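Report on the structure given below.
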Amino acid sequence: MSTVQLYTKYTRVWIPDPDEVWRSAEIVKDYKEGDKSLQLKLEDETLYEYRLDLQGNELPLLCNPDILVRENDLTALSYLHEPAVLHNLKVRFLESNFVYTYCGIVLVAINPYEELPIYEEDAIYAYSGQNMGDMDPHIFAVAEEAYKQMARDEKNQSIIVSGESGAGKTVSAKYAMRFFTTVGGSASKTNIEAKVLASNPIMEAIGNARTTRNDNSSRFGKYIEIGFDKGYHIIGANMRTYLLEKSRVVFQAEHERNYHIFYQLCASSSLPEFKDLGLTCAEDFFYISQGGDTSISGVDDADDFEKTRHAFTLLGVKESHQMTIFRIIAAILHLGNLEIQVERGSEACSLSSEDEHLKNFCGLLGVELSQMQHWLCNRKLVTTAETYVKNMSLHQVVNARNALAKHIYAQLFNWIVQHINKVLQTTVKQHSFIGVLDIYGFETFEVNSFEQFCINYANEKLQQQFNLHVFKLEQEEYMKEGIPWTLIDFYDNQPCIDLIEAKLGILDLLDEECKVPRGTDQNWAQKLYDRHGSSQHFQKPRMSNTSFIILHFADKVEYQSEGFLEKNRDTVYEEQISILKASKYPMVADLFHEEKGAVPITPVGKGTAKISVRSARPPIKAANKEHKKTVGHQFRNSLHLLMETLNATTPHYVRCIKPNDEKLPFKFDPKRAVQQLRACGVLETVRISAAGFPSRWSYHDFLKRYRVLMKKTDLSKNDKKQICKTLLEDLIKDPDKFQFGHTKIFFRAGQVAYLEKLRADKFRAAIIMIEKTVRGWLQRVKYQRLRQATVVLQRYARGHLARRLAEHLRRTRAAIILQKQFRMLRIRRAFQRVHNSTITIQAFARGMFARRIYHQILAEHKATILQKYARGWLARTRFRRVRAATIVLQCYYRRMKARQQLKALRIEARSAQHLKKLNVGMENKVVQLQRKIDEQNKEYKLLNEQLSTLTAAHSSEVEKLKKELLQYQQSQRGDGNQLLSLQKEMEHLRLELERAHGERKVVEDSHMKEKDLLRKRISDLEEENALLKQEKEELNSRILCQSEDEFARNAVEENIQMKKELEEERSRYQNLVKEYSSLEQRYDNLRDEMTIVKAPGHRRNPSNQSSLESDSNNPSISSSDIGDTDDVIQQVEEIGMEKAAMDMTLFLKLQKRVRELELERKKLQTQLEKKEQESKKSQVIETKTVTSEQEDFAYNSLKRQELESENKKLKNELNELRKAIADRATQNNSSNDVQDSYNLLLNHLKAANEELEVRKEEVLILRSQIMKAAQQKEMGKNMLKEKESISSNASWPNSDRHVDQEDAIEAYQGMCETNRKTEDWGYLNEDGELGLAYQGLKQVARLLEAQLQDQRRKHEEEMEGLRNQLDAMQEELQKQQQASLQTLQLSPEVQVELGIQQEITRLTNENLDLKELVEKLEKNEKKLKKQLKIYMKKAQDFEASQTTLPADRRPRDSNMQVAVQRKEKDFQGMLEYYKEDEPLLIQNLITDLKPQAVSATVPCLPAYILFMCLRHADYINDDQKVHSLLTSTINGIKKVLKKHHNDFEMTSFWLANTCRLLHCLKQYSGDEGFMTQNTPKQNEHCLKNFDLTEYRQVLSHLSIQIYQQLINIAQGILQPMTVSAVLENESIQGLSGVQPMGYRKYISNSPEVDISYSLDNMIRQLNTFHSIMCDQGLDPEIIQQVFKQIFYMINAVTLNNLLLRKDVCSWSTGMQLRFNISQLEEWLHGKNLQQSGAAQALVPLIQAAQLLQLKKKTSEDAEAICSLCTSLTTQQIVKILNLYTPVNEFEERVTVAFIRNIQMHLQERNDPPQLLLDFKHVFPVSFPFNPSSITMDSIHLPASLNLDFLNKV
């Protein structure tokens, strides 16, 4: 790329200008080698000839393309030079009103001199968590980057804010501190962030003043360290100050003021507490009135003083100390008004003792007036021989007074800073800190003194550190990308720093001259000339012998040496200090005493160098002024300490620019701006960046933007890097102009602009071609239109001429006829004939023409139809081609995105070894799960095989019986000749019957054997029971013998004491169990967090979690399990809680073993029941005697069960007695305790025996009633079945429909009942066996049909599942083939890494799939267990009903007990519980309840159960129970919500239950307003005794709290994905354009991997929320309010992000945004949420998207925008228009005039000044009354809730 190619026609360049600094112009004529000038055209269309320097070969600087103007980052500019930087800042500031711009690592902040609505708390939250390059430049973005790097890198950070006075340094630092206090608020209740912010008004009052450049200029430097703990919450702060401008206390230049505190105090002097200060208006005091005007427009000093006092109070400054501070400040004012009298004839001075100001000064400071009067005018001289007092001259007295005033103010300033540091210090260990440095910028005035010298010296040091840091970052970036690093020459100001601080430098010579007794400023200046005259950074002015010039990095500065020595010494007479030390006010005296020690060292964060952070003001040694350190020496030490601190942190730079000296809003002075840009180092940053490779593009973005310059053959390649290399080698011949990194392409300055020029030329050529074609087409259309018009005109003209000719001929002919009338008669008839013929011909001709026209129309119509179908076919063909091409493009694009993800995964794959270590336990878990699945599959196959064999056997038997039945029927229909065959058939049936009798005998024998075994077992149990009873009676008698004497005396007291101890032990045990569960939950949470941290892609349970834990959390535990667990818990209570806590794991193992034994017992029991059922089937053909034996067996089984339960209880009681005896025997207590305990246990045994007898009686009664009811029901059913079977006459009804499971059971029961119905079959044979067989076949056929249909349905489902698996495996195979093809194209190392990563992904997916399968199987197992229990219970009831017969048929047994039946009452919808069971109720129903446990029950079941318990408490009129239950319920819900504060499902579950409980309290309160929809049954369930209105209010408040927590959880989940899903998601591919990235963009994304969400992810999350709330029974009105709030948050977050991002304000983004919003609206419509107001919440966002898409040129467009955007404020509309950025250079920008026109149209609006929306705003929620239709008596309590202690009333 040569110079001739760049400097061509239409290229814009920059030329110097005396007024504007730089001015743009356009080249009119191409530049050629050797030209002496350039022909330019200025912006005002005037021609200008620019002379070139041929020797220097310097051409004017080039302008950047228009697309790069207004860039957020100056380093994104292709041409990096001073005019480009200045122009970009000017355009952003004036046209777009952007005050912030990035310049690499520097944030350039221009003071707008106007309040802008961009600093609200919403802006802080909008920038929080965002990458620095993603949002528009802002001080909050820099603060967020510092906060993020501190948390990510665990390294301390610093924000360096610098600039001229009035540039806005203090405000920027204040906003940065406010960001940290908002984002990193303190975790405790110390309110430390408010104290940090409260220090700002105090420091502004005592350290800020009005200058000619700034109304609130900081006259000191400060470095504030904000400390954070390990959770990155603020825990404290520390402040260091530098070089307070003490001279301002006694002198101010014209139009300047003293420090604000003086004027604030004078403005508030009229307050009663300040009457004693003796203050008046500010104009009356010399020290604060030298500048002239003592007020500032727009500032209320009295109001600011109130803020200062409030800040003092907030920081803990006592009222007495505040008053002392104000007295000292007032005393300084009085000191300045002292009248010094000069005595006549001498230079001696004196003060009048009657001077009011002197009295006030001494009175306010509490010192003696006479001593102060004397030593203000005299001084003490000490020599080796004597000490004498000398009078001072007037000049010396004034200097001494001023020095004293400055010293007093400086000491007060330091005391306030120390007190603030003490308040902001904390005892918590500091983990890291962020420092904010607010320091003066480079200063140069007409008269520069010692203060300007120190300020510029500090800026030299900071600039050096800045240059080194920029240089280091550039080097790191190049090394990271593998770019060859070449040294870049940059300005090194170390020689200038050595000139100032090196040995025998300026400061050393100044200190040396201060030590000389008669040293003067002139002598010091002369020494400087002699020592440093030859230095390149030091010059001597020509016209002065007392000044010197230093060449700083920013500018040359001339300093006047006058006053340097005095300011450096900072001399205060010791006698005056001694008087102040003797003050009667302790605080005043403490100000001037020596400091006892330094400020403690501030701890630094882990991983950083240890920095000794000391006070910036070294200790003062006032005893000997010769050894006192000078001001310059102190400042140099504090500056070195500051540099050490900054070098140990990661710096962030904010450069504040003052746009004009008049302080006018949004006025830009280029001269002043360039001067400050040079001084603050911004241009140096640009120069360093421009010397290397400033422009950097990723391969993807470069290919996407410049693919138009590539050839079609190059685009067909797959390697993007190779494509880019080929393109650049063809376009840019110089290889030094670009470099290829690992992930980006690096360009020299100007190369991107050259590529943009080539791209624009390519587009321009294409546009010319398009215009040429379009214009030719337009001309052809115009020509065809003219030709058609000409033809029409010709036709009409010729017709007119023909008509004229015809008329002439007719007239001629008529004349001839008139002239020759005689011919008329002759030819009349001929004429008539001709006339008639003509009419006939015309008729036929017209008909022919009409038919021809008709046929033509018909043909055209048919042609139209053919064209329609042909065009439709063509359109469909074209659509298919386009769709196929689109699919191909999508495939290519998705492959491209997959490669991007592959690159990111490669980085993660580097830690593959770490992932292998993490997944060591996963393989074992997978093996275990696989084994478990194999075992279950084996069981499943075994059951299938058994079922198939049974099915085959039954089917063969059925077929055989069918054939026999058909033969039998045919034999009946035959005649008498078939008698022989019938007899043969009868013989065959007799043989079969005999065989059946033989089988029955075998079954009876086996049944008898089993019955004998059972009887033997029962007898053994009875014997064992008798032995246990005997042993129990012996123990009781022994206990009674031992405790008979002592029992009567101490029974009552010891009983109460034992009860108390038992209750304490139980409570202690429950507390320990609760603590253990909470610790276990916390351990699980921590383990889940560690799992999430180690494997962020999946959330799953830990792989080493045992099945024991899942069993212990299984909600469906049988009653026997619960009993065993209670036994174990009771043993733990008896052993002791200490040992139980130690052996908790042993307890869990024992519990697991007990469950396994219980499962084995159940299996044996089921086997026994199966055998009993088989024996019962054989009883179908038994006689009545067998039936009686069955009745005896049923009674014996009932008795056996009762004996077993009684035996078990006796064993438990015996074990308790044995343990009690053993425990008491081991103790050495008194005999009274032993006997009392024996008595107590005896009472327990008696009570247990009584309760056992009562329970036995109730059980027998209930069982007898159940048997009778079942028998009656079954007898009725059997009668109906018999009638149906008789009428059916051998038909097979219902054979073609599915038989339900209950129908099958009824059929089985009917088959068992046929033994009593044999006498009703009249048509059967004598024995009735054939009829029984026929009836049994019918019942069996039904069962077989049901089983066959179930098998067929299962088979179809299995086939469908196999087909789905086959499809999934085919898709997986295709994916693997594609992945393998892609892998083969990679290098071997990448293949290995990719293979490892794919294997890990596969194992993880298989692990998750197996875990889901196991969970599903476990759920099915639990469900089957429940069904099995139900069927077992039904089978037992059926067996009992079979054994029940009428009383006259049952043989009397003397051992049978008579069951007395009781009359049952109906369930009244109330639940009774004991008071001591209330904690257990709350625990099982609230604390430990999981929403999944009640998912299959009635929604809001816990609320109904609690209300039923509350009803019973109301029923028995127990107010304490009501109060206790409601209080415990509310506290339990709060505890659960606090524990699960991030669980949406749990929060939604308890919101639904709380609202339902509130509705129940209203519905059943008895108020008529709430009972309008109640049924009579529900009205009976109303509360009778208590009015719970107050509790309804408490529950309403609790519901509001839960609702707010639910909203916070939902917002916390959706907020991170909102911007990515709604604003950045490209639902419509190919719309977005790519623009150059700045330095901020590519460094902000490098350390982290951005997580992007699609709109589908958000919609899936919304579906999850909606399904959870609907499944849990939440009221629809509340669901609508929830989604209204969620969609408002989506709208606010997206709109705020849009208002703060320039890169998304484009037409394409508006199109994408509108499409995404329409998807959300469709989702609302699909969920029937249109009336919720959620769609209306998106209106501002919709209008913002439409605003981006509308035309923005004319005034009509402005009116349309104003009428459309009614929901957007004026500031939001203007902000979007200012941010609007064209995607390419052919789209026009929004002009400033159009924006002004919009503002004119919107002036009438009264919009709030707020720019951003408050996304944390919560709409007020309401809970409308929603009564339930469910009655309390219809609610069933599931066994999984473990609420056995609740009794139904």
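Residues in the structure tokens are numbered from 1 in each chain, the chains being A, B, ... in the order shown, and ligands are numbered from 1 in the order shown.
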Quick one: everything within 7 Å of A:Cys656, counting only C-alpha atoms, minus sequence neighbours fewer than 4 positions away in the same chain. Send it as a PDB file with N, CA and C atoms, in the first residue's frame.
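Produced file part-v8.pdb, reproduced below:
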ATOM      1  N   VAL A 108     -11.356   8.625  29.704  1.00  0.00           N
ATOM      2  CA  VAL A 108     -11.314  10.079  29.556  1.00  0.00           C
ATOM      3  C   VAL A 108     -12.685  10.616  29.941  1.00  0.00           C
ATOM      4  N   ALA A 109     -12.716  11.474  30.962  1.00  0.00           N
ATOM      5  CA  ALA A 109     -13.974  12.043  31.460  1.00  0.00           C
ATOM      6  C   ALA A 109     -13.946  13.546  31.243  1.00  0.00           C
ATOM      7  N   ILE A 110     -14.890  14.045  30.472  1.00  0.00           N
ATOM      8  CA  ILE A 110     -14.999  15.473  30.188  1.00  0.00           C
ATOM      9  C   ILE A 110     -16.082  16.051  31.088  1.00  0.00           C
ATOM     10  N   SER A 162      -7.073  11.826  37.928  1.00  0.00           N
ATOM     11  CA  SER A 162      -6.229  13.013  37.850  1.00  0.00           C
ATOM     12  C   SER A 162      -6.807  13.963  36.825  1.00  0.00           C
ATOM     13  N   GLY A 163      -6.324  15.186  36.877  1.00  0.00           N
ATOM     14  CA  GLY A 163      -6.801  16.215  35.962  1.00  0.00           C
ATOM     15  C   GLY A 163      -6.609  17.591  36.566  1.00  0.00           C
ATOM     16  N   ALA A 167     -11.761  19.933  36.525  1.00  0.00           N
ATOM     17  CA  ALA A 167     -12.023  18.900  35.518  1.00  0.00           C
ATOM     18  C   ALA A 167     -12.978  17.830  36.005  1.00  0.00           C
ATOM     19  N   GLY A 168     -13.258  17.802  37.314  1.00  0.00           N
ATOM     20  CA  GLY A 168     -14.209  16.830  37.837  1.00  0.00           C
ATOM     21  C   GLY A 168     -13.580  15.640  38.515  1.00  0.00           C
ATOM     22  N   LYS A 169     -12.374  15.803  39.070  1.00  0.00           N
ATOM     23  CA  LYS A 169     -11.711  14.675  39.733  1.00  0.00           C
ATOM     24  C   LYS A 169     -12.476  14.245  40.967  1.00  0.00           C
TER      25      LYS A 169
END
Quick one: DSSP strand (DSSP E) residues in stretch 121-306 of chain A, as an MDAnalysis selection string? chainID A and resid 157:163 208:209 217:218 221:228 234:242
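Residue nearest A:Gln890 within the list A:Leu244, A:Leu52, A:Ala1793, A:Ile1628: A:Ile1628 [criterion: smallest interatomic distance, only C-alpha atoms].
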Compile the contact shell of A:Lys1775 as a list of chain:residue names: residues with an atom at most 9 Å away, counting only C-alpha atoms, same-chain residues fewer than 2 positions apart removed.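 Contacts, with the query itself left out: A:Ser96, A:Asn97, A:Leu1699, A:Leu1700, A:Thr1770, A:Gln1771, A:Gln1772, A:Ile1773, A:Leu1777, A:Asn1778, A:Leu1779, A:Tyr1780, A:Leu1811.
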Written selection (N, CA and C atoms) as a short mmCIF file (atom, residue, chain, number, x, y, z; two decimals), in the first residue's frame:
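Written out: again-v1.cif:
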data_model
loop_
_atom_site.label_atom_id
_atom_site.label_comp_id
_atom_site.auth_asym_id
_atom_site.auth_seq_id
_atom_site.Cartn_x
_atom_site.Cartn_y
_atom_site.Cartn_z
N SER A 96 -23.33 13.96 20.73
CA SER A 96 -24.01 12.87 21.43
C SER A 96 -24.10 13.07 22.93
N ASN A 97 -23.47 14.12 23.44
CA ASN A 97 -23.49 14.41 24.89
C ASN A 97 -22.92 13.26 25.71
N LEU A 1699 -29.98 1.63 26.71
CA LEU A 1699 -29.66 3.05 26.88
C LEU A 1699 -28.20 3.28 27.25
N LEU A 1700 -27.49 2.21 27.60
CA LEU A 1700 -26.09 2.37 28.01
C LEU A 1700 -25.13 1.67 27.05
N THR A 1770 -38.48 11.87 27.44
CA THR A 1770 -37.72 12.68 26.48
C THR A 1770 -36.24 12.33 26.52
N GLN A 1771 -35.70 12.16 27.72
CA GLN A 1771 -34.28 11.83 27.82
C GLN A 1771 -33.98 10.47 27.21
N GLN A 1772 -34.88 9.52 27.38
CA GLN A 1772 -34.66 8.21 26.79
C GLN A 1772 -34.68 8.26 25.27
N ILE A 1773 -35.62 9.01 24.70
CA ILE A 1773 -35.68 9.13 23.24
C ILE A 1773 -34.43 9.79 22.70
N LEU A 1777 -31.47 8.17 20.26
CA LEU A 1777 -31.08 8.81 19.00
C LEU A 1777 -29.60 9.17 18.99
N ASN A 1778 -29.08 9.61 20.13
CA ASN A 1778 -27.64 9.91 20.20
C ASN A 1778 -26.80 8.64 20.08
N LEU A 1779 -27.31 7.53 20.62
CA LEU A 1779 -26.56 6.28 20.57
C LEU A 1779 -26.70 5.56 19.24
N TYR A 1780 -27.65 5.98 18.41
CA TYR A 1780 -27.93 5.24 17.18
C TYR A 1780 -26.68 5.20 16.31
N LEU A 1811 -33.26 8.86 33.72
CA LEU A 1811 -32.99 8.23 32.43
C LEU A 1811 -33.30 6.74 32.45
#
Which polymer residues have any atom within 10 Å of an atom of stretch 562-571 of chain A, counting only C-alpha atoms, with same-chain residues fewer than 6 positions away left out, as a ChimeraX atom specification? /A:246-247,399-400,403-404,406-407,448-451,453,507,510-511,513-515,519-522,524-525,546-547,625-626,628-634
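Coordinates place atom CA of A:Glu999 at a distance of 25.8 Å from atom CA of A:Lys1016.
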Find the spatial neighbours of A:Leu59, counting only C-alpha atoms, within a cut-off of 12 Å - ignore same-chain residues fewer than 5 positions away - and output them as a list of chain:residue names.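 My list of contacting residues is A:Thr3, A:Val4, A:Leu6, A:Tyr7, A:Val13, A:Trp14, A:Ile15, A:Pro16, A:Ile27, A:Tyr31, A:Lys32, A:Glu33, A:Gly34, A:Asp35, A:Lys36, A:Ser37, A:Leu38, A:Tyr50, A:Arg51, A:Leu52, A:Asp53, A:Leu54.
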Write the selection just made, keeping N, CA and C atoms, as a compact mmCIF listing (two decimals), in the first residue's frame?
# COMPACT_ATOMS: atom_id res chain seq x y z
N THR A 3 1.78 5.49 -0.72
CA THR A 3 1.18 6.78 -0.36
C THR A 3 0.23 7.26 -1.44
N VAL A 4 0.57 6.97 -2.68
CA VAL A 4 -0.29 7.41 -3.79
C VAL A 4 -1.67 6.77 -3.68
N LEU A 6 -3.24 6.08 -0.94
CA LEU A 6 -3.99 6.65 0.18
C LEU A 6 -4.48 8.07 -0.12
N TYR A 7 -3.62 8.88 -0.67
CA TYR A 7 -3.95 10.30 -0.88
C TYR A 7 -4.55 10.45 -2.28
N VAL A 13 -8.43 14.69 5.02
CA VAL A 13 -7.18 14.83 5.77
C VAL A 13 -7.36 15.91 6.83
N TRP A 14 -6.38 15.96 7.75
CA TRP A 14 -6.35 16.98 8.81
C TRP A 14 -5.22 17.96 8.53
N ILE A 15 -5.54 19.24 8.65
CA ILE A 15 -4.53 20.29 8.51
C ILE A 15 -4.55 21.16 9.75
N PRO A 16 -3.39 21.70 10.15
CA PRO A 16 -3.35 22.55 11.36
C PRO A 16 -4.18 23.81 11.18
N ILE A 27 -9.47 16.05 -0.24
CA ILE A 27 -8.55 16.14 -1.37
C ILE A 27 -9.37 16.23 -2.66
N TYR A 31 -2.99 12.79 -5.34
CA TYR A 31 -1.59 13.15 -5.08
C TYR A 31 -0.66 12.26 -5.90
N LYS A 32 0.38 12.87 -6.44
CA LYS A 32 1.39 12.15 -7.20
C LYS A 32 2.75 12.43 -6.61
N GLU A 33 3.66 11.49 -6.82
CA GLU A 33 5.01 11.63 -6.31
C GLU A 33 5.66 12.89 -6.88
N GLY A 34 6.20 13.71 -5.98
CA GLY A 34 6.88 14.92 -6.40
C GLY A 34 6.04 16.16 -6.37
N ASP A 35 4.72 16.04 -6.09
CA ASP A 35 3.88 17.23 -6.00
C ASP A 35 4.31 18.09 -4.82
N LYS A 36 4.30 19.42 -5.03
CA LYS A 36 4.72 20.35 -3.99
C LYS A 36 3.55 20.79 -3.11
N SER A 37 2.34 20.47 -3.51
CA SER A 37 1.18 20.89 -2.72
C SER A 37 0.03 19.94 -2.97
N LEU A 38 -0.95 20.05 -2.09
CA LEU A 38 -2.18 19.28 -2.21
C LEU A 38 -3.34 20.24 -2.42
N TYR A 50 -2.48 23.30 0.09
CA TYR A 50 -1.64 22.93 1.24
C TYR A 50 -0.23 22.64 0.74
N ARG A 51 0.72 23.46 1.20
CA ARG A 51 2.11 23.31 0.80
C ARG A 51 2.74 22.13 1.52
N LEU A 52 3.51 21.34 0.79
CA LEU A 52 4.16 20.16 1.36
C LEU A 52 5.64 20.43 1.58
N ASP A 53 6.15 19.84 2.64
CA ASP A 53 7.57 19.89 2.95
C ASP A 53 8.23 18.70 2.26
N LEU A 54 8.89 18.98 1.12
CA LEU A 54 9.46 17.89 0.34
C LEU A 54 10.63 17.24 1.05
